[in-house]
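A.B. asks: One file: my_file28.pdb (PDB, C-alpha atoms and all ligand atoms).
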```pdb
ATOM      1  CA  MET A 184      80.822 111.928 134.051
ATOM      2  CA  ALA A 185      79.207 108.868 135.545
ATOM      3  CA  LEU A 186      79.224 105.695 133.510
ATOM      4  CA  THR A 187      76.307 103.293 133.294
ATOM      5  CA  GLU A 188      76.371  99.557 133.790
ATOM      6  CA  LYS A 189      75.476  99.182 130.126
ATOM      7  CA  GLN A 190      78.539 101.192 129.146
ATOM      8  CA  GLU A 191      80.737  98.911 131.215
ATOM      9  CA  VAL A 192      79.251  95.895 129.432
ATOM     10  CA  LEU A 193      79.792  97.529 126.034
ATOM     11  CA  VAL A 194      83.434  98.224 126.767
ATOM     12  CA  LYS A 195      84.039  94.671 127.984
ATOM     13  CA  GLU A 196      82.376  93.356 124.837
ATOM     14  CA  SER A 197      84.537  95.457 122.561
ATOM     15  CA  TRP A 198      87.676  94.423 124.462
ATOM     16  CA  GLU A 199      86.771  90.777 123.765
ATOM     17  CA  ILE A 200      86.668  91.603 120.032
ATOM     18  CA  LEU A 201      89.983  93.488 120.142
ATOM     19  CA  LYS A 202      91.671  90.590 121.936
ATOM     20  CA  GLN A 203      90.765  88.193 119.154
ATOM     21  CA  ASN A 204      92.946  89.921 116.613
ATOM     22  CA  VAL A 205      95.862  91.524 118.402
ATOM     23  CA  PRO A 206      98.231  91.742 115.407
ATOM     24  CA  GLU A 207      95.708  93.500 113.218
ATOM     25  CA  TYR A 208      94.333  96.033 115.696
ATOM     26  CA  SER A 209      97.788  96.896 117.010
ATOM     27  CA  ILE A 210      98.925  97.805 113.520
ATOM     28  CA  ARG A 211      95.727  99.736 112.896
ATOM     29  CA  LEU A 212      96.190 101.733 116.084
ATOM     30  CA  PHE A 213      99.725 102.666 115.039
ATOM     31  CA  LEU A 214      98.657 103.588 111.518
ATOM     32  CA  ARG A 215      96.018 105.904 112.986
ATOM     33  CA  ILE A 216      98.491 107.474 115.395
ATOM     34  CA  MET A 217     100.917 108.052 112.512
ATOM     35  CA  GLU A 218      98.127 109.639 110.499
ATOM     36  CA  VAL A 219      97.186 112.165 113.157
ATOM     37  CA  ALA A 220     100.611 112.581 114.770
ATOM     38  CA  PRO A 221     103.355 111.733 112.251
ATOM     39  CA  GLU A 222     105.943 113.409 114.482
ATOM     40  CA  ALA A 223     105.307 110.688 117.071
ATOM     41  CA  LYS A 224     106.879 108.011 114.892
ATOM     42  CA  ASN A 225     110.413 108.509 116.104
ATOM     43  CA  MET A 226     109.286 108.478 119.712
ATOM     44  CA  PHE A 227     108.606 104.746 119.508
ATOM     45  CA  SER A 228     111.818 102.730 119.745
ATOM     46  CA  PHE A 229     110.377  99.926 117.617
ATOM     47  CA  LEU A 230     109.373 102.283 114.754
ATOM     48  CA  ARG A 231     112.358 104.557 114.646
ATOM     49  CA  ASP A 232     114.490 102.651 112.173
ATOM     50  CA  SER A 233     111.940 101.533 109.617
ATOM     51  CA  ASP A 234     109.880 103.220 106.945
ATOM     52  CA  GLU A 235     106.839 101.136 107.646
ATOM     53  CA  ILE A 236     105.037  99.874 110.675
ATOM     54  CA  PRO A 237     106.609  96.461 111.313
ATOM     55  CA  GLN A 238     103.886  93.841 110.852
ATOM     56  CA  ASN A 239     105.042  91.163 113.216
ATOM     57  CA  ASN A 240     106.756  92.890 116.040
ATOM     58  CA  PRO A 241     105.808  91.365 119.402
ATOM     59  CA  LYS A 242     106.855  94.475 121.307
ATOM     60  CA  LEU A 243     104.649  96.678 119.199
ATOM     61  CA  GLN A 244     101.676  94.372 119.668
ATOM     62  CA  ALA A 245     102.174  94.052 123.398
ATOM     63  CA  HIS A 246     102.363  97.815 123.796
ATOM     64  CA  ALA A 247      99.296  98.530 121.721
ATOM     65  CA  MET A 248      97.260  95.937 123.571
ATOM     66  CA  LYS A 249      98.338  97.356 126.904
ATOM     67  CA  VAL A 250      96.941 100.724 125.878
ATOM     68  CA  PHE A 251      93.568  99.168 124.971
ATOM     69  CA  LYS A 252      93.540  97.061 128.117
ATOM     70  CA  LEU A 253      94.456  99.852 130.523
ATOM     71  CA  THR A 254      91.738 102.038 129.008
ATOM     72  CA  CYS A 255      89.230  99.218 129.318
ATOM     73  CA  GLU A 256      90.214  98.670 132.951
ATOM     74  CA  SER A 257      89.905 102.354 133.606
ATOM     75  CA  VAL A 258      86.261 102.240 132.474
ATOM     76  CA  ILE A 259      85.533  99.260 134.725
ATOM     77  CA  GLN A 260      87.175 100.951 137.697
ATOM     78  CA  LEU A 261      85.328 104.191 137.135
ATOM     79  CA  ARG A 262      82.095 102.219 137.198
ATOM     80  CA  GLU A 263      82.985 100.140 140.193
ATOM     81  CA  CYS A 264      85.062 102.463 142.360
ATOM     82  CA  GLY A 265      84.341 105.873 140.875
ATOM     83  CA  ALA A 266      88.027 106.501 140.174
ATOM     84  CA  VAL A 267      90.942 105.204 138.155
ATOM     85  CA  ALA A 268      92.585 102.707 140.471
ATOM     86  CA  ILE A 269      95.579 101.554 138.412
ATOM     87  CA  ALA A 270      98.323 100.581 140.885
ATOM     88  CA  GLY A 271     100.252 103.666 141.960
ATOM     89  CA  SER A 272     103.554 102.141 140.872
ATOM     90  CA  THR A 273     102.204 101.469 137.364
ATOM     91  CA  LEU A 274     100.960 105.045 137.073
ATOM     92  CA  LYS A 275     104.293 106.392 138.298
ATOM     93  CA  HIS A 276     106.066 104.239 135.751
ATOM     94  CA  LEU A 277     103.787 105.410 132.925
ATOM     95  CA  GLY A 278     104.220 108.993 134.074
ATOM     96  CA  SER A 279     107.993 108.776 133.998
ATOM     97  CA  VAL A 280     108.131 106.915 130.637
ATOM     98  CA  HIS A 281     105.947 109.513 128.914
ATOM     99  CA  LEU A 282     107.655 112.450 130.600
ATOM    100  CA  LYS A 283     111.065 111.245 129.487
ATOM    101  CA  ILE A 284     109.861 110.878 125.896
ATOM    102  CA  GLY A 285     108.299 114.336 126.011
ATOM    103  CA  VAL A 286     104.680 113.442 125.207
ATOM    104  CA  THR A 287     102.464 116.539 125.088
ATOM    105  CA  ASP A 288      98.854 117.168 126.171
ATOM    106  CA  ARG A 289      97.897 117.535 122.532
ATOM    107  CA  GLN A 290      99.346 114.141 121.722
ATOM    108  CA  PHE A 291      97.169 112.625 124.424
ATOM    109  CA  ASP A 292      94.148 113.971 122.540
ATOM    110  CA  MET A 293      95.398 112.632 119.241
ATOM    111  CA  VAL A 294      96.061 109.177 120.621
ATOM    112  CA  LYS A 295      92.543 109.216 122.071
ATOM    113  CA  ASP A 296      91.104 109.850 118.660
ATOM    114  CA  ALA A 297      93.246 107.137 117.091
ATOM    115  CA  LEU A 298      92.183 104.686 119.796
ATOM    116  CA  LEU A 299      88.463 105.408 119.401
ATOM    117  CA  ARG A 300      88.602 105.152 115.611
ATOM    118  CA  THR A 301      90.453 101.828 115.838
ATOM    119  CA  ILE A 302      87.820 100.411 118.191
ATOM    120  CA  GLU A 303      85.061 101.717 115.947
ATOM    121  CA  GLU A 304      86.576  99.894 113.009
ATOM    122  CA  ALA A 305      87.076  96.727 115.029
ATOM    123  CA  VAL A 306      83.544  96.399 116.393
ATOM    124  CA  GLY A 307      81.808  97.464 113.184
ATOM    125  CA  GLU A 308      78.061  97.755 113.553
ATOM    126  CA  LYS A 309      78.204  97.262 117.310
ATOM    127  CA  TRP A 310      79.696 100.764 117.554
ATOM    128  CA  SER A 311      77.436 103.309 119.241
ATOM    129  CA  GLU A 312      77.577 106.691 120.867
ATOM    130  CA  GLU A 313      77.241 105.003 124.221
ATOM    131  CA  MET A 314      80.239 102.800 123.541
ATOM    132  CA  GLU A 315      82.273 105.747 122.291
ATOM    133  CA  GLY A 316      81.329 107.743 125.385
ATOM    134  CA  ALA A 317      82.454 104.968 127.703
ATOM    135  CA  TRP A 318      85.863 104.434 126.059
ATOM    136  CA  GLY A 319      86.300 108.197 125.840
ATOM    137  CA  VAL A 320      85.643 108.774 129.537
ATOM    138  CA  GLY A 321      87.915 105.877 130.501
ATOM    139  CA  TYR A 322      90.721 107.218 128.325
ATOM    140  CA  ASP A 323      90.336 110.795 129.586
ATOM    141  CA  GLN A 324      90.571 109.728 133.204
ATOM    142  CA  LEU A 325      93.540 107.486 132.558
ATOM    143  CA  ALA A 326      95.293 110.190 130.530
ATOM    144  CA  ALA A 327      94.626 112.720 133.310
ATOM    145  CA  ALA A 328      96.148 110.341 135.859
ATOM    146  CA  ILE A 329      99.263 109.825 133.712
ATOM    147  CA  LEU A 330      99.573 113.569 133.041
ATOM    148  CA  ALA A 331      99.275 114.276 136.776
ATOM    149  CA  GLU A 332     102.159 111.865 137.434
ATOM    150  CA  MET A 333     104.165 113.546 134.677
ATOM    151  CA  LYS A 334     103.654 116.953 136.273
ATOM    152  CA  ASP A 335     104.505 115.554 139.680
ATOM    153  CA  ASP A 336     107.741 114.167 138.339
ATOM    154  CA  ALA A 337     108.799 117.249 136.422
TER     155      ALA A 337
HETATM  156  C1  LIG B   1     105.052 103.702 126.239
HETATM  157  C2  LIG B   1     100.459 103.449 127.707
HETATM  158  C3  LIG B   1      99.657 107.873 125.902
HETATM  159  C4  LIG B   1     103.798 107.486 123.439
HETATM  160  C5  LIG B   1     103.886 103.273 126.837
HETATM  161  C6  LIG B   1     103.744 102.055 127.579
HETATM  162  C7  LIG B   1     102.452 101.970 127.971
HETATM  163  C8  LIG B   1     101.770 103.152 127.492
HETATM  164  C9  LIG B   1     101.803 100.873 128.790
HETATM  165  C10 LIG B   1     104.849 101.045 127.859
HETATM  166  C11 LIG B   1     105.635 101.476 129.058
HETATM  167  C12 LIG B   1     106.824 100.589 129.301
HETATM  168  O1  LIG B   1     107.706 100.537 128.442
HETATM  169  O2  LIG B   1     106.878  99.974 130.357
HETATM  170  C13 LIG B   1      99.855 104.654 127.389
HETATM  171  C14 LIG B   1      98.512 105.040 127.792
HETATM  172  C15 LIG B   1      98.298 106.303 127.298
HETATM  173  C16 LIG B   1      99.494 106.685 126.576
HETATM  174  C17 LIG B   1      97.584 104.163 128.611
HETATM  175  C18 LIG B   1      97.098 107.195 127.422
HETATM  176  C19 LIG B   1      96.114 107.063 128.265
HETATM  177  C20 LIG B   1     100.693 108.144 125.025
HETATM  178  C21 LIG B   1     100.762 109.272 124.129
HETATM  179  C22 LIG B   1     101.913 109.152 123.425
HETATM  180  C23 LIG B   1     102.596 107.956 123.880
HETATM  181  C24 LIG B   1      99.734 110.356 124.025
HETATM  182  C25 LIG B   1     102.401 110.122 122.362
HETATM  183  C26 LIG B   1     102.497 109.832 121.115
HETATM  184  C27 LIG B   1     104.530 106.454 124.017
HETATM  185  C28 LIG B   1     105.881 106.101 123.654
HETATM  186  C29 LIG B   1     106.252 105.020 124.475
HETATM  187  C30 LIG B   1     105.112 104.725 125.320
HETATM  188  C31 LIG B   1     106.709 106.781 122.578
HETATM  189  C32 LIG B   1     107.607 104.290 124.487
HETATM  190  C33 LIG B   1     107.587 103.167 123.505
HETATM  191  C34 LIG B   1     108.946 102.511 123.397
HETATM  192  O3  LIG B   1     109.215 101.578 124.147
HETATM  193  O4  LIG B   1     109.730 102.933 122.557
HETATM  194  N1  LIG B   1     102.678 103.920 126.798
HETATM  195  N2  LIG B   1     100.403 105.664 126.664
HETATM  196  N3  LIG B   1     101.820 107.372 124.849
HETATM  197  N4  LIG B   1     104.103 105.614 125.011
HETATM  198 FE1  LIG B   1     102.251 105.630 125.812
HETATM  199  C1  LIG B   2     102.076 103.581 123.853
HETATM  200  N1  LIG B   2     101.562 104.684 124.285
HETATM  201  C2  LIG B   2     100.536 105.199 123.635
HETATM  202  C3  LIG B   2      99.993 104.647 122.538
HETATM  203  C4  LIG B   2     100.511 103.481 122.075
HETATM  204  C5  LIG B   2      99.980 102.856 120.961
HETATM  205  C6  LIG B   2     100.503 101.720 120.526
HETATM  206  C7  LIG B   2     101.572 101.175 121.185
HETATM  207  C8  LIG B   2     102.097 101.771 122.276
HETATM  208  C9  LIG B   2     101.570 102.933 122.739
END
```
Just dump the structure as structure tokens.

C.D. replies:
Amino acid sequence: MALTEKQEVLVKESWEILKQNVPEYSIRLFLRIMEVAPEAKNMFSFLRDSDEIPQNNPKLQAHAMKVFKLTCESVIQLRECGAVAIAGSTLKHLGSVHLKIGVTDRQFDMVKDALLRTIEEAVGEKWSEEMEGAWGVGYDQLAAAILAEMKDDA
């Protein structure tokens, strides 16, 4: 699906909002993931040994923000180059990390949902179908690229 210039602007705008409150949105993303995919909890090294989502864990925040940022970049690249152009070495790395952990196709869908709902909450009334469509397409393409690396590696 082709993205419009407006969609690129919308995604950049929402990324600016997300960036302003990293600790909060990181936690929210994890809470959402745990809601839809409770079995994923023990996959994350920084969640494994606690009953709750640790509130001030720098590793957790950095990871969550990377997921938002990579998805955002994927949208921009799709607009500007028509393809996801994350450096091949980064994709290979992401492919091997997720393969080793045993992430499934279904979990990719669940994380997508968690990500979209977290952004929706963050941007409040700025949320729109157009914005959702843009983040969704960016995520799908990025997920497909990671899954392709995982299958390559298997
Ligand atoms: C690790 C991104 C999908 C579970 C990571 C890392 C990144 C990332 C950047 C850190 C890699 C590193 O340590 O260098 C993404 C993106 C996704 C995606 C962009 C989708 C487009 C998923 C899904 C799951 C998942 C669907 C399943 C629940 C994990 C786990 C780790 C990880 C468990 C390891 C965390 C740890 O260090 O313990 N991911 N991921 N990811 N991801 Fe994902
Ligand atoms: C890694 N992979 C997928 C989703 C994530 C969410 C939060 C933190 C790290 C993640």

A.B. asks: I'd like to see the residues matched by the PyMOL selection byres (((chain A and resi 259) around 12) and not hetatm) on this file, and ideally I'd get them as a VMD selection string.

C.D. replies: chain A and resid 185 to 196 198 252 to 258 260 to 269 317 to 318 320 to 322 324 to 325

A.B. asks: Please compute the atom C4 of ligand LIG 2 (chain B)-atom CA of A:Asp323 distance, one decimal, in Å.

C.D. replies: 14.6 Å

A.B. asks: Report, as lines of an AutoDock Vina configuration file, the axis-aligned box around all atoms of ligand LIG 1 (chain B) present in the file, extended by 4 Å on each side; give centre and edge lengths in Å to one decimal place.

C.D. replies:
```
center_x = 102.9
center_y = 105.2
center_z = 125.7
size_x = 21.6
size_y = 18.4
size_z = 17.2
```

A.B. asks: Can you work out the spacing between atom CA of A:Ile210 and atom CA of A:Ala247 in Å, to one decimal?

C.D. replies: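 These two atoms are separated by 8.2 Å.
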
A.B. asks: Give the residue list for ligand LIG 1 (chain B) at 9 Å, counting all atoms listed in the file, as a ChimeraX atom specification, sorted by chain and then by residue number.

C.D. replies: /A:216-217,220,222-231,242-243,245-254,273,276-278,280-281,284-295,321-330

A.B. asks: Need a file for stretch 253-328 of chain A from that block: C-alpha atoms, written as an mmCIF file, in the first residue's frame.

C.D. replies:
```cif
data_model
loop_
_atom_site.group_PDB
_atom_site.id
_atom_site.type_symbol
_atom_site.label_atom_id
_atom_site.label_comp_id
_atom_site.auth_asym_id
_atom_site.auth_seq_id
_atom_site.Cartn_x
_atom_site.Cartn_y
_atom_site.Cartn_z
ATOM 1 C CA LEU A 253 12.245 1.695 13.832
ATOM 2 C CA THR A 254 8.558 1.570 12.911
ATOM 3 C CA CYS A 255 8.507 5.322 12.407
ATOM 4 C CA GLU A 256 11.606 5.124 10.210
ATOM 5 C CA SER A 257 10.049 2.331 8.242
ATOM 6 C CA VAL A 258 7.108 4.600 7.364
ATOM 7 C CA ILE A 259 9.443 7.396 6.264
ATOM 8 C CA GLN A 260 11.486 5.015 4.133
ATOM 9 C CA LEU A 261 8.426 3.510 2.519
ATOM 10 C CA ARG A 262 7.361 7.013 1.552
ATOM 11 C CA GLU A 263 10.743 8.113 0.352
ATOM 12 C CA CYS A 264 12.268 4.978 -1.148
ATOM 13 C CA GLY A 265 9.277 2.682 -1.529
ATOM 14 C CA ALA A 266 10.883 0.002 0.642
ATOM 15 C CA VAL A 267 12.116 -0.650 4.151
ATOM 16 C CA ALA A 268 15.760 0.350 4.012
ATOM 17 C CA ILE A 269 16.951 -0.464 7.541
ATOM 18 C CA ALA A 270 20.659 -1.346 7.290
ATOM 19 C CA GLY A 271 21.061 -4.990 6.314
ATOM 20 C CA SER A 272 23.216 -5.703 9.357
ATOM 21 C CA THR A 273 20.544 -4.307 11.701
ATOM 22 C CA LEU A 274 17.872 -6.444 10.056
ATOM 23 C CA LYS A 275 20.084 -9.524 10.272
ATOM 24 C CA HIS A 276 20.682 -8.801 13.931
ATOM 25 C CA LEU A 277 16.958 -8.349 14.623
ATOM 26 C CA GLY A 278 16.220 -11.508 12.670
ATOM 27 C CA SER A 279 18.665 -13.569 14.686
ATOM 28 C CA VAL A 280 17.593 -12.100 18.073
ATOM 29 C CA HIS A 281 13.920 -12.870 17.438
ATOM 30 C CA LEU A 282 14.625 -16.274 15.920
ATOM 31 C CA LYS A 283 16.680 -17.308 18.925
ATOM 32 C CA ILE A 284 13.905 -16.242 21.300
ATOM 33 C CA GLY A 285 11.335 -18.103 19.216
ATOM 34 C CA VAL A 286 8.982 -15.225 18.364
ATOM 35 C CA THR A 287 6.028 -16.403 16.265
ATOM 36 C CA ASP A 288 4.103 -14.786 13.388
ATOM 37 C CA ARG A 289 1.105 -14.457 15.666
ATOM 38 C CA GLN A 290 3.149 -12.571 18.223
ATOM 39 C CA PHE A 291 4.143 -10.102 15.530
ATOM 40 C CA ASP A 292 0.440 -9.365 15.045
ATOM 41 C CA MET A 293 -0.140 -8.976 18.753
ATOM 42 C CA VAL A 294 2.771 -6.610 19.204
ATOM 43 C CA LYS A 295 1.410 -4.578 16.288
ATOM 44 C CA ASP A 296 -1.882 -4.182 18.053
ATOM 45 C CA ALA A 297 -0.188 -3.243 21.316
ATOM 46 C CA LEU A 298 1.960 -0.681 19.505
ATOM 47 C CA LEU A 299 -0.979 0.949 17.710
ATOM 48 C CA ARG A 300 -3.079 1.132 20.874
ATOM 49 C CA THR A 301 -0.181 2.707 22.784
ATOM 50 C CA ILE A 302 0.263 5.373 20.105
ATOM 51 C CA GLU A 303 -3.473 5.992 20.050
ATOM 52 C CA GLU A 304 -3.435 6.607 23.774
ATOM 53 C CA ALA A 305 -0.374 8.829 23.535
ATOM 54 C CA VAL A 306 -1.622 11.166 20.810
ATOM 55 C CA GLY A 307 -5.185 11.388 22.114
ATOM 56 C CA GLU A 308 -7.469 13.369 19.853
ATOM 57 C CA LYS A 309 -4.854 13.622 17.120
ATOM 58 C CA TRP A 310 -5.434 9.914 16.438
ATOM 59 C CA SER A 311 -7.052 9.178 13.081
ATOM 60 C CA GLU A 312 -7.587 6.346 10.674
ATOM 61 C CA GLU A 313 -4.949 7.852 8.442
ATOM 62 C CA MET A 314 -2.414 7.859 11.248
ATOM 63 C CA GLU A 315 -3.297 4.300 12.217
ATOM 64 C CA GLY A 316 -2.962 3.205 8.592
ATOM 65 C CA ALA A 317 0.489 4.735 8.291
ATOM 66 C CA TRP A 318 1.898 3.170 11.480
ATOM 67 C CA GLY A 319 0.244 -0.116 10.549
ATOM 68 C CA VAL A 320 1.806 -0.248 7.088
ATOM 69 C CA GLY A 321 5.214 0.722 8.474
ATOM 70 C CA TYR A 322 5.023 -1.986 11.125
ATOM 71 C CA ASP A 323 3.839 -4.659 8.677
ATOM 72 C CA GLN A 324 6.703 -3.996 6.301
ATOM 73 C CA LEU A 325 9.259 -3.940 9.080
ATOM 74 C CA ALA A 326 7.840 -7.125 10.611
ATOM 75 C CA ALA A 327 7.904 -8.810 7.186
ATOM 76 C CA ALA A 328 11.557 -7.837 6.759
#
```
